[in-house]
$ cat coords11.cif   # mmCIF, C-alpha atoms and all ligand atoms
data_my_file
loop_
_atom_site.label_atom_id
_atom_site.label_comp_id
_atom_site.auth_asym_id
_atom_site.auth_seq_id
_atom_site.Cartn_x
_atom_site.Cartn_y
_atom_site.Cartn_z
CA MET A 218 161.29 -122.87 76.40
CA ARG A 219 165.08 -122.52 76.08
CA SER A 220 166.42 -119.08 75.23
CA ALA A 221 167.45 -118.26 71.69
CA VAL A 222 171.02 -119.07 70.68
CA ALA A 223 173.42 -117.03 68.54
CA LEU A 224 176.71 -117.84 66.85
CA VAL A 225 179.06 -114.86 66.39
CA THR A 226 182.26 -115.35 64.36
CA GLY A 227 185.26 -113.15 65.09
CA ALA A 228 183.83 -112.64 68.59
CA GLY A 229 187.22 -111.99 70.17
CA SER A 230 187.50 -108.34 69.20
CA GLY A 231 185.92 -105.29 67.60
CA ILE A 232 182.45 -105.58 66.14
CA GLY A 233 182.12 -109.31 66.81
CA ARG A 234 182.91 -108.88 70.48
CA ALA A 235 180.47 -105.97 70.80
CA ALA A 236 177.78 -108.01 68.99
CA ALA A 237 178.33 -111.02 71.26
CA LEU A 238 177.99 -108.85 74.37
CA ALA A 239 174.90 -107.06 73.00
CA LEU A 240 173.13 -110.31 72.05
CA ALA A 241 173.92 -111.79 75.47
CA ARG A 242 172.46 -108.66 77.12
CA ASP A 243 169.32 -109.26 75.01
CA GLY A 244 169.06 -112.72 76.63
CA LEU A 245 170.54 -114.93 73.90
CA SER A 246 173.03 -117.68 74.67
CA VAL A 247 176.13 -117.04 72.59
CA GLY A 248 178.68 -119.18 70.78
CA ALA A 249 181.74 -116.93 70.57
CA LEU A 250 183.84 -118.22 67.68
CA GLY A 251 187.36 -117.14 66.77
CA HIS A 252 190.82 -118.48 66.08
CA THR A 253 192.63 -116.88 69.04
CA ARG A 254 191.78 -118.72 72.25
CA GLY A 255 192.64 -115.92 74.71
CA GLU A 256 190.40 -113.38 72.95
CA ILE A 257 187.28 -115.53 72.70
CA SER A 258 187.73 -116.78 76.27
CA SER A 259 187.78 -113.16 77.42
CA THR A 260 184.51 -112.43 75.55
CA VAL A 261 182.91 -115.51 77.15
CA GLU A 262 184.15 -114.48 80.59
CA GLU A 263 182.68 -111.00 80.22
CA ILE A 264 179.30 -112.44 79.18
CA GLU A 265 179.29 -114.90 82.09
CA ASN A 266 180.34 -112.23 84.59
CA ALA A 267 177.32 -110.19 83.48
CA GLY A 268 175.05 -113.21 84.15
CA GLY A 269 174.76 -114.44 80.56
CA GLU A 270 175.55 -117.77 78.93
CA ALA A 271 178.29 -118.33 76.36
CA VAL A 272 180.68 -120.94 75.02
CA ALA A 273 184.09 -120.37 73.42
CA LEU A 274 184.46 -122.03 70.01
CA LEU A 275 187.96 -122.20 68.59
CA ALA A 276 187.87 -122.43 64.78
CA ASP A 277 189.20 -120.91 61.60
CA ILE A 278 186.17 -119.85 59.54
CA SER A 279 187.89 -120.92 56.33
CA ASP A 280 188.26 -124.53 57.55
CA GLU A 281 185.22 -126.70 56.82
CA ARG A 282 186.02 -129.38 59.40
CA GLN A 283 186.73 -126.91 62.21
CA MET A 284 183.50 -125.01 61.46
CA ALA A 285 181.42 -128.21 61.48
CA GLU A 286 182.94 -129.21 64.83
CA ALA A 287 182.35 -125.73 66.32
CA VAL A 288 178.67 -125.71 65.32
CA ARG A 289 178.27 -129.27 66.60
CA ARG A 290 179.69 -128.20 69.99
CA LEU A 291 177.46 -125.12 70.13
CA VAL A 292 174.29 -127.11 69.46
CA ALA A 293 175.39 -129.85 71.88
CA ARG A 294 175.76 -127.18 74.59
CA PHE A 295 172.65 -125.06 74.00
CA GLY A 296 170.35 -127.39 72.04
CA ARG A 297 169.52 -125.14 69.08
CA LEU A 298 170.63 -122.23 66.89
CA ASP A 299 168.56 -119.18 65.94
CA VAL A 300 170.91 -116.32 65.00
CA VAL A 301 174.15 -116.31 63.03
CA VAL A 302 176.45 -113.29 62.81
CA ALA A 303 178.99 -113.90 60.00
CA ASN A 304 181.42 -111.23 61.10
CA ALA A 305 185.01 -112.52 61.10
CA GLY A 306 187.08 -110.96 58.35
CA ILE A 307 190.38 -109.37 57.42
CA ASN A 308 191.38 -106.36 55.37
CA GLY A 309 194.27 -108.37 53.90
CA VAL A 310 196.70 -106.75 51.49
CA TRP A 311 195.72 -103.51 49.78
CA ALA A 312 198.02 -102.98 46.80
CA PRO A 313 197.94 -102.08 43.09
CA ILE A 314 196.36 -104.87 41.02
CA ASP A 315 199.62 -105.60 39.18
CA ASP A 316 201.45 -105.89 42.51
CA LEU A 317 198.94 -108.05 44.41
CA THR A 318 200.04 -111.69 44.41
CA LEU A 319 197.72 -114.65 43.84
CA ALA A 320 198.52 -115.89 47.36
CA GLU A 321 197.46 -112.52 48.84
CA TRP A 322 194.26 -112.51 46.77
CA ASN A 323 193.50 -116.09 47.85
CA ASP A 324 194.04 -115.26 51.55
CA THR A 325 191.42 -112.51 51.48
CA ILE A 326 188.95 -114.58 49.45
CA SER A 327 189.49 -117.59 51.69
CA VAL A 328 188.75 -115.79 54.98
CA ASN A 329 186.16 -113.21 53.92
CA LEU A 330 184.23 -115.02 51.21
CA THR A 331 184.80 -118.75 51.68
CA GLY A 332 184.62 -118.15 55.45
CA THR A 333 181.21 -116.49 55.03
CA PHE A 334 180.07 -119.35 52.78
CA LEU A 335 181.18 -121.96 55.32
CA THR A 336 179.58 -120.07 58.22
CA ILE A 337 176.24 -120.02 56.41
CA ARG A 338 176.62 -123.50 54.88
CA THR A 339 177.33 -125.06 58.27
CA THR A 340 174.60 -123.29 60.23
CA VAL A 341 171.60 -123.31 57.85
CA PRO A 342 170.69 -126.95 58.68
CA GLU A 343 170.44 -125.95 62.36
CA LEU A 344 168.33 -122.86 61.58
CA LYS A 345 165.99 -125.04 59.49
CA ARG A 346 165.74 -127.48 62.40
CA ALA A 347 164.84 -124.55 64.70
CA GLY A 348 162.00 -123.59 62.33
CA GLY A 349 163.65 -120.35 61.18
CA GLY A 350 166.15 -117.73 62.22
CA SER A 351 168.20 -114.69 61.28
CA ILE A 352 171.58 -114.52 59.54
CA ILE A 353 173.48 -111.24 59.68
CA VAL A 354 176.43 -110.88 57.31
CA ILE A 355 178.95 -108.20 58.20
CA SER A 356 179.92 -106.59 54.89
CA SER A 357 181.21 -103.01 54.46
CA ILE A 358 180.65 -99.76 52.60
CA ASN A 359 183.54 -101.03 50.43
CA GLY A 360 182.03 -102.95 47.55
CA THR A 361 178.49 -101.76 48.29
CA ARG A 362 178.70 -97.93 48.26
CA THR A 363 182.39 -97.09 48.16
CA PHE A 364 184.99 -97.92 45.52
CA THR A 365 187.77 -95.45 46.37
CA THR A 366 189.71 -97.24 49.12
CA PRO A 367 193.25 -97.43 47.73
CA GLY A 368 194.27 -100.88 46.52
CA ALA A 369 191.40 -102.67 48.27
CA THR A 370 190.37 -104.73 45.22
CA ALA A 371 190.37 -108.17 46.87
CA TYR A 372 188.65 -106.87 50.02
CA THR A 373 186.05 -104.91 48.04
CA ALA A 374 185.32 -107.96 45.85
CA THR A 375 184.60 -110.09 48.94
CA LYS A 376 182.34 -107.45 50.50
CA ALA A 377 180.35 -107.01 47.26
CA ALA A 378 180.04 -110.79 46.97
CA GLN A 379 178.74 -111.02 50.54
CA LEU A 380 175.88 -108.67 49.65
CA ALA A 381 175.14 -110.65 46.47
CA MET A 382 174.96 -113.83 48.57
CA VAL A 383 172.57 -112.15 51.01
CA GLN A 384 170.21 -111.13 48.20
CA GLN A 385 170.41 -114.52 46.47
CA LEU A 386 169.88 -116.47 49.70
CA ALA A 387 167.04 -114.27 51.00
CA LEU A 388 164.74 -115.85 48.41
CA GLU A 389 166.07 -119.39 48.84
CA LEU A 390 165.81 -119.30 52.64
CA ALA A 391 162.51 -117.41 53.00
CA ARG A 392 160.50 -120.63 52.67
CA HIS A 393 162.34 -121.88 55.75
CA HIS A 394 161.52 -118.67 57.68
CA ILE A 395 165.18 -117.73 57.72
CA ARG A 396 165.94 -114.05 57.20
CA ILE A 397 169.35 -112.91 55.95
CA ASN A 398 170.60 -109.32 55.87
CA ALA A 399 173.87 -107.43 55.47
CA VAL A 400 175.33 -104.77 57.73
CA CYS A 401 177.57 -102.44 55.73
CA GLN A 402 179.54 -100.27 58.07
CA GLY A 403 181.96 -97.47 57.38
CA GLU A 404 185.08 -96.77 59.42
CA ILE A 405 184.74 -98.26 62.89
CA GLU A 406 187.44 -98.04 65.55
CA THR A 407 188.61 -101.66 66.02
CA SER A 408 191.86 -103.62 65.78
CA ILE A 409 191.33 -104.55 62.11
CA ASP A 410 194.46 -102.53 61.24
CA ALA A 411 196.46 -105.46 62.64
CA ASN A 412 195.03 -107.50 59.74
CA THR A 413 195.78 -104.88 57.07
CA ARG A 414 198.84 -104.53 54.83
CA LEU A 415 198.99 -101.48 52.57
CA ARG A 416 201.51 -101.32 49.69
CA LYS A 417 202.29 -98.55 47.19
CA GLU A 418 199.30 -96.50 48.33
CA LYS A 419 200.42 -93.53 46.21
CA GLU A 420 199.78 -95.60 43.06
CA THR A 421 196.14 -96.30 43.95
CA ALA A 422 194.93 -93.41 46.14
CA ILE A 423 192.25 -91.15 44.66
CA PRO A 424 193.32 -87.56 45.44
CA VAL A 425 190.18 -86.07 46.97
CA VAL A 426 189.74 -83.77 49.98
CA TRP A 427 186.67 -84.44 52.09
CA PRO A 428 184.82 -81.25 53.08
CA GLU A 429 184.26 -81.88 56.82
CA GLY A 430 185.92 -85.13 57.77
CA GLN A 431 184.89 -88.52 56.43
CA VAL A 432 181.93 -89.31 58.70
CA PRO A 433 179.29 -86.58 58.41
CA ILE A 434 176.98 -87.66 61.27
CA SER A 435 179.74 -87.68 63.93
CA GLY A 436 181.74 -84.65 62.87
CA GLY A 437 184.38 -86.80 61.20
CA ARG A 438 184.94 -89.32 64.02
CA PRO A 439 184.87 -93.06 63.15
CA GLY A 440 182.00 -95.11 64.54
CA ARG A 441 182.27 -97.46 67.53
CA SER A 442 181.72 -101.22 67.50
CA GLU A 443 178.64 -100.66 69.69
CA ASP A 444 177.06 -98.54 66.92
CA VAL A 445 177.17 -101.63 64.70
CA ALA A 446 176.21 -104.07 67.48
CA ASP A 447 172.93 -102.19 68.10
CA VAL A 448 171.91 -102.72 64.46
CA ILE A 449 172.97 -106.39 64.64
CA GLY A 450 170.75 -106.71 67.74
CA PHE A 451 167.83 -105.26 65.78
CA LEU A 452 168.36 -107.64 62.84
CA ALA A 453 168.64 -110.59 65.24
CA SER A 454 165.34 -109.71 66.90
CA ASP A 455 161.71 -110.05 65.93
CA ARG A 456 161.57 -106.26 65.53
CA SER A 457 163.08 -106.80 62.06
CA ARG A 458 160.72 -109.70 61.23
CA HIS A 459 159.78 -108.28 57.80
CA VAL A 460 163.36 -107.37 56.77
CA THR A 461 165.30 -109.79 54.56
CA GLY A 462 167.73 -109.53 51.67
CA SER A 463 168.59 -105.97 52.73
CA PRO A 464 171.81 -104.05 53.21
CA ILE A 465 171.79 -101.62 56.13
CA TRP A 466 174.56 -99.05 55.92
CA VAL A 467 175.90 -98.12 59.35
CA ASP A 468 178.39 -95.51 58.24
CA GLY A 469 177.18 -92.13 59.48
CA GLY A 470 176.81 -91.16 55.82
CA GLN A 471 180.50 -91.84 55.02
CA GLY A 472 179.74 -94.09 52.05
CA LEU A 473 177.64 -91.38 50.41
CA LEU A 474 180.54 -88.93 50.56
CA ARG A 475 183.13 -91.34 49.20
P1 LIG A 501 188.78 -107.03 64.15
O1 LIG A 501 188.76 -106.28 65.43
O2 LIG A 501 190.10 -107.38 63.53
O3 LIG A 501 187.89 -108.34 64.32
C1 LIG A 501 187.88 -109.38 63.38
C2 LIG A 501 187.84 -110.69 64.13
O4 LIG A 501 187.81 -111.78 63.21
C3 LIG A 501 189.09 -110.89 65.00
O5 LIG A 501 188.68 -111.35 66.27
C4 LIG A 501 189.89 -111.94 64.24
O6 LIG A 501 190.68 -112.74 65.07
C5 LIG A 501 188.75 -112.76 63.63
N1 LIG A 501 189.21 -113.53 62.50
C6 LIG A 501 189.96 -113.11 61.45
N2 LIG A 501 190.19 -114.14 60.62
C7 LIG A 501 189.60 -115.23 61.15
C8 LIG A 501 189.51 -116.58 60.78
N3 LIG A 501 190.08 -117.04 59.65
N4 LIG A 501 188.81 -117.44 61.57
C9 LIG A 501 188.24 -117.01 62.71
N5 LIG A 501 188.30 -115.73 63.12
C10 LIG A 501 188.98 -114.85 62.36
O7 LIG A 501 187.99 -106.23 63.01
P2 LIG A 501 186.51 -105.60 62.95
O8 LIG A 501 186.69 -104.22 62.47
O9 LIG A 501 185.72 -105.87 64.17
O10 LIG A 501 185.94 -106.44 61.72
C11 LIG A 501 184.77 -107.21 61.76
C12 LIG A 501 184.09 -107.22 60.40
O11 LIG A 501 183.70 -105.88 60.07
C13 LIG A 501 185.01 -107.69 59.24
O12 LIG A 501 184.27 -108.55 58.40
C14 LIG A 501 185.34 -106.40 58.52
O13 LIG A 501 185.58 -106.60 57.14
C15 LIG A 501 184.09 -105.58 58.75
N6 LIG A 501 184.30 -104.12 58.62
C16 LIG A 501 185.05 -103.42 59.51
C17 LIG A 501 185.20 -102.04 59.36
C18 LIG A 501 186.04 -101.21 60.30
O14 LIG A 501 186.26 -100.01 60.02
N7 LIG A 501 186.50 -101.71 61.41
C19 LIG A 501 184.58 -101.39 58.31
C20 LIG A 501 183.80 -102.13 57.40
C21 LIG A 501 183.66 -103.49 57.58
P3 LIG A 501 192.25 -112.38 65.26
O15 LIG A 501 192.31 -110.94 65.71
O16 LIG A 501 192.67 -113.35 66.30
O17 LIG A 501 192.88 -112.59 63.92
#
$ encode --input "coords11.cif" --output "C-alpha cells" --more "lines below"
Ligand code: NAP
Amino acid sequence: MRSAVALVTGAGSGIGRAAALALARDGLSVGALGHTRGEISSTVEEIENAGGEAVALLADISDERQMAEAVRRLVARFGRLDVVVANAGINGVWAPIDDLTLAEWNDTISVNLTGTFLTIRTTVPELKRAGGGSIIVISSINGTRTFTTPGATAYTATKAAQLAMVQQLALELARHHIRINAVCQGEIETSIDANTRLRKEKETAIPVVWPEGQVPISGGRPGRSEDVADVIGFLASDRSRHVTGSPIWVDGGQGLLR
C-alpha cells in the first residue's frame, strides 16, 4: 500500500515547515504549499535530503483556482490525500477598531478564514475518496482563550471562527471517518512578525504585569515550532483516532494567564 499523504499550507516557514518535516519523518509523503517559491522548495529539499518524499505546491490559500490546482497536482503525484494541516496565516494589522480599515480587515479575513475554508473545501473530496482522514486547523490562543492582545480584533475573530468551523465540521465529517481538530498555540518563535503591523498600541493595550513571564511552563520563554509540530503529528496519526472536534492548547499555560 502507498504511504499516507499530507498537505501542509504555509510549509515554507515556522510551524508549517516544522510540521512538514515532522510528518515526513513519520513516513508521510508531503505536499508543501506556500506562496513563496524559494521557501517551499527549501522545505521540500530538506525532506528529500532526509530520505522522505515531498512536492512543492505554489499557491495562495485565498485563491480558489490556485488551491484546486495545487491539490490536483498533489494527488496526481502521490495518488491520495489523508492528512491536511491548515496552517498558513497572517497576523495582519493590529489597531484600534476605529482605526482599522475595511481593506485591512478583509486582508486578514481573506487569508486566515477564507483561506482555511478553501483549504478544507478543496481537500475534503480527496479525504472522502481515501475513506477518511485527519484535518488539523492551526488556530491560536487568541480568540479561544485569550482576548487581551492589543488591537488584534480581526485576527482574533478569524481564530475563533476557525475553532467554530472545527466543531461544526466534526459532526458533518464524522460519517466519512474524517476527524478535524484545532491546535491553539501561544507565542511561538517564528517569522510571523514579518506579517504583523501594529498601530496605536497604547490605545488598545491592557495594562497588566505578568507575575513570572508569559509562558509558565518554560519560565517565560516562547515555544518552538517543533513543540507544535509534535502535537500536529499526534493529531495526524492513529494515536488520536478517537479525538475530533477538539481544541488542543499548546501554549505552556500562557492562555490561562492572559
Ligand atoms: P510564519 O512563520 O509567518 O508562517 C506562516 C506561513 O504561511 C508562511 O510561510 C507564509 O508565507 C504562509 N502564508 C501566509 N499567507 C499565505 C497565503 N495567502 N497563501 C499561502 N501561504 C501563505 O508564521 P507561524 O507563526 O508559523 O504561523 C503559522 C500559523 O500559526 C498561523 O496560522 C498563525 O496564526 C498561527 N499562530 C502562530 C503563533 C506564533 O506565536 N507564532 C501563535 C498562535 C498562532 P510567506 O512568509 O511567504 O508570506
$ closest_residue --input "coords11.cif" --among "A:Arg297, A:Gln402, A:Gly470, A:Asp243" --to "A:Gly450" --atoms "only C-alpha atoms"
A:Asp243
$ residues_near_ligand --input "coords11.cif" --ligand "ligand LIG 501 (chain A)" --cutoff "7 Å" --atoms "only C-alpha atoms and all ligand atoms" --output "mmCIF file with C-alpha atoms, in the frame of the given file"
data_model
loop_
_atom_site.group_PDB
_atom_site.id
_atom_site.type_symbol
_atom_site.label_atom_id
_atom_site.label_comp_id
_atom_site.auth_asym_id
_atom_site.auth_seq_id
_atom_site.Cartn_x
_atom_site.Cartn_y
_atom_site.Cartn_z
ATOM 1 C CA THR A 226 182.260 -115.350 64.360
ATOM 2 C CA GLY A 227 185.260 -113.150 65.090
ATOM 3 C CA ALA A 228 183.830 -112.640 68.590
ATOM 4 C CA GLY A 229 187.220 -111.990 70.170
ATOM 5 C CA SER A 230 187.500 -108.340 69.200
ATOM 6 C CA GLY A 231 185.920 -105.290 67.600
ATOM 7 C CA ILE A 232 182.450 -105.580 66.140
ATOM 8 C CA GLY A 233 182.120 -109.310 66.810
ATOM 9 C CA LEU A 250 183.840 -118.220 67.680
ATOM 10 C CA GLY A 251 187.360 -117.140 66.770
ATOM 11 C CA HIS A 252 190.820 -118.480 66.080
ATOM 12 C CA THR A 253 192.630 -116.880 69.040
ATOM 13 C CA ALA A 276 187.870 -122.430 64.780
ATOM 14 C CA ASP A 277 189.200 -120.910 61.600
ATOM 15 C CA ILE A 278 186.170 -119.850 59.540
ATOM 16 C CA SER A 279 187.890 -120.920 56.330
ATOM 17 C CA ASN A 304 181.420 -111.230 61.100
ATOM 18 C CA ALA A 305 185.010 -112.520 61.100
ATOM 19 C CA GLY A 306 187.080 -110.960 58.350
ATOM 20 C CA ILE A 307 190.380 -109.370 57.420
ATOM 21 C CA ASN A 308 191.380 -106.360 55.370
ATOM 22 C CA VAL A 328 188.750 -115.790 54.980
ATOM 23 C CA ASN A 329 186.160 -113.210 53.920
ATOM 24 C CA GLY A 332 184.620 -118.150 55.450
ATOM 25 C CA ILE A 355 178.950 -108.200 58.200
ATOM 26 C CA SER A 356 179.920 -106.590 54.890
ATOM 27 C CA SER A 357 181.210 -103.010 54.460
ATOM 28 C CA ILE A 358 180.650 -99.760 52.600
ATOM 29 C CA CYS A 401 177.570 -102.440 55.730
ATOM 30 C CA GLN A 402 179.540 -100.270 58.070
ATOM 31 C CA GLY A 403 181.960 -97.470 57.380
ATOM 32 C CA GLU A 404 185.080 -96.770 59.420
ATOM 33 C CA ILE A 405 184.740 -98.260 62.890
ATOM 34 C CA GLU A 406 187.440 -98.040 65.550
ATOM 35 C CA THR A 407 188.610 -101.660 66.020
ATOM 36 C CA SER A 408 191.860 -103.620 65.780
ATOM 37 C CA ILE A 409 191.330 -104.550 62.110
ATOM 38 C CA ASP A 410 194.460 -102.530 61.240
ATOM 39 C CA ALA A 411 196.460 -105.460 62.640
ATOM 40 C CA ASN A 412 195.030 -107.500 59.740
ATOM 41 C CA SER A 442 181.720 -101.220 67.500
#
$ residues_around --input "coords11.cif" --residues "A:Ala446" --least-positions-apart "3" --cutoff "6 Å" --atoms "all atoms listed in the file" --output "ChimeraX atom specification"
/A:235-236,443,449
$ write_last_selection --input "coords11.cif" --atoms "C-alpha atoms" --output "short mmCIF file (atom, residue, chain, number, x, y, z; two decimals), in the coordinates of the input"
data_model
loop_
_atom_site.label_atom_id
_atom_site.label_comp_id
_atom_site.auth_asym_id
_atom_site.auth_seq_id
_atom_site.Cartn_x
_atom_site.Cartn_y
_atom_site.Cartn_z
CA ALA A 235 180.47 -105.97 70.80
CA ALA A 236 177.78 -108.01 68.99
CA GLU A 443 178.64 -100.66 69.69
CA ILE A 449 172.97 -106.39 64.64
#
$ closest_residue --input "coords11.cif" --among "A:Asn266, A:Thr340, A:Ser258, A:Thr413" --to "A:Ala241" --atoms "all atoms listed in the file"
A:Asn266
$ closest_residue --input "coords11.cif" --among "A:Arg346, A:Arg396, A:Arg254, A:Ala374" --to "A:Asn359" --atoms "only C-alpha atoms"
A:Ala374
$ closest_residue --input "coords11.cif" --among "A:Ala267, A:Ile257, A:Ala387, A:Leu224" --to "A:Glu343" --atoms "only C-alpha atoms"
A:Leu224
$ closest_residue --input "coords11.cif" --among "A:Glu286, A:Thr339, A:Gly462, A:Asp447" --to "A:Leu388" --atoms "only C-alpha atoms"
A:Gly462
$ residues_around --input "coords11.cif" --residues "A:Val448" --least-positions-apart "3" --cutoff "8 Å" --atoms "only C-alpha atoms" --output "count of residues only"
6
$ residues_around --input "coords11.cif" --residues "A:Thr365" --least-positions-apart "4" --cutoff "8 Å" --atoms "all atoms listed in the file" --output "VMD selection string"
chain A and resid 422 to 423 475
$ write_last_selection --input "coords11.cif" --atoms "C-alpha atoms" --output "tab-separated table (two decimals), keeping the file's coordinate frame"
chain	number	residue	atom	x	y	z
A	422	ALA	CA	194.93	-93.41	46.14
A	423	ILE	CA	192.25	-91.15	44.66
A	475	ARG	CA	183.13	-91.34	49.20
$ residues_around --input "coords11.cif" --residues "A:Ser246" --least-positions-apart "3" --cutoff "8 Å" --atoms "all atoms listed in the file" --output "ChimeraX atom specification"
/A:220-223,240-241,269-271,295
$ closest_residue --input "coords11.cif" --among "A:Met382, A:Ala237, A:Ala312, A:Val225" --to "A:Thr421" --atoms "all atoms listed in the file"
A:Ala312
$ atom_distance --input "coords11.cif" --atom1 "atom CA of A:Val383" --atom2 "atom CA of A:His459"
15.0 Å
$ atom_distance --input "coords11.cif" --atom1 "atom CA of A:Tyr372" --atom2 "atom CA of A:Ser351"
24.6 Å
$ atom_distance --input "coords11.cif" --atom1 "atom CA of A:Val432" --atom2 "atom CA of A:Trp466"
12.5 Å
$ axis_aligned_box --input "coords11.cif" --around "stretch 318-335 of chain A" --padding-each-side "4 Å" --output "AutoDock Vina command-line options"
--center_x 190.1 --center_y -116.8 --center_z 49.6 --size_x 28.0 --size_y 18.3 --size_z 19.6
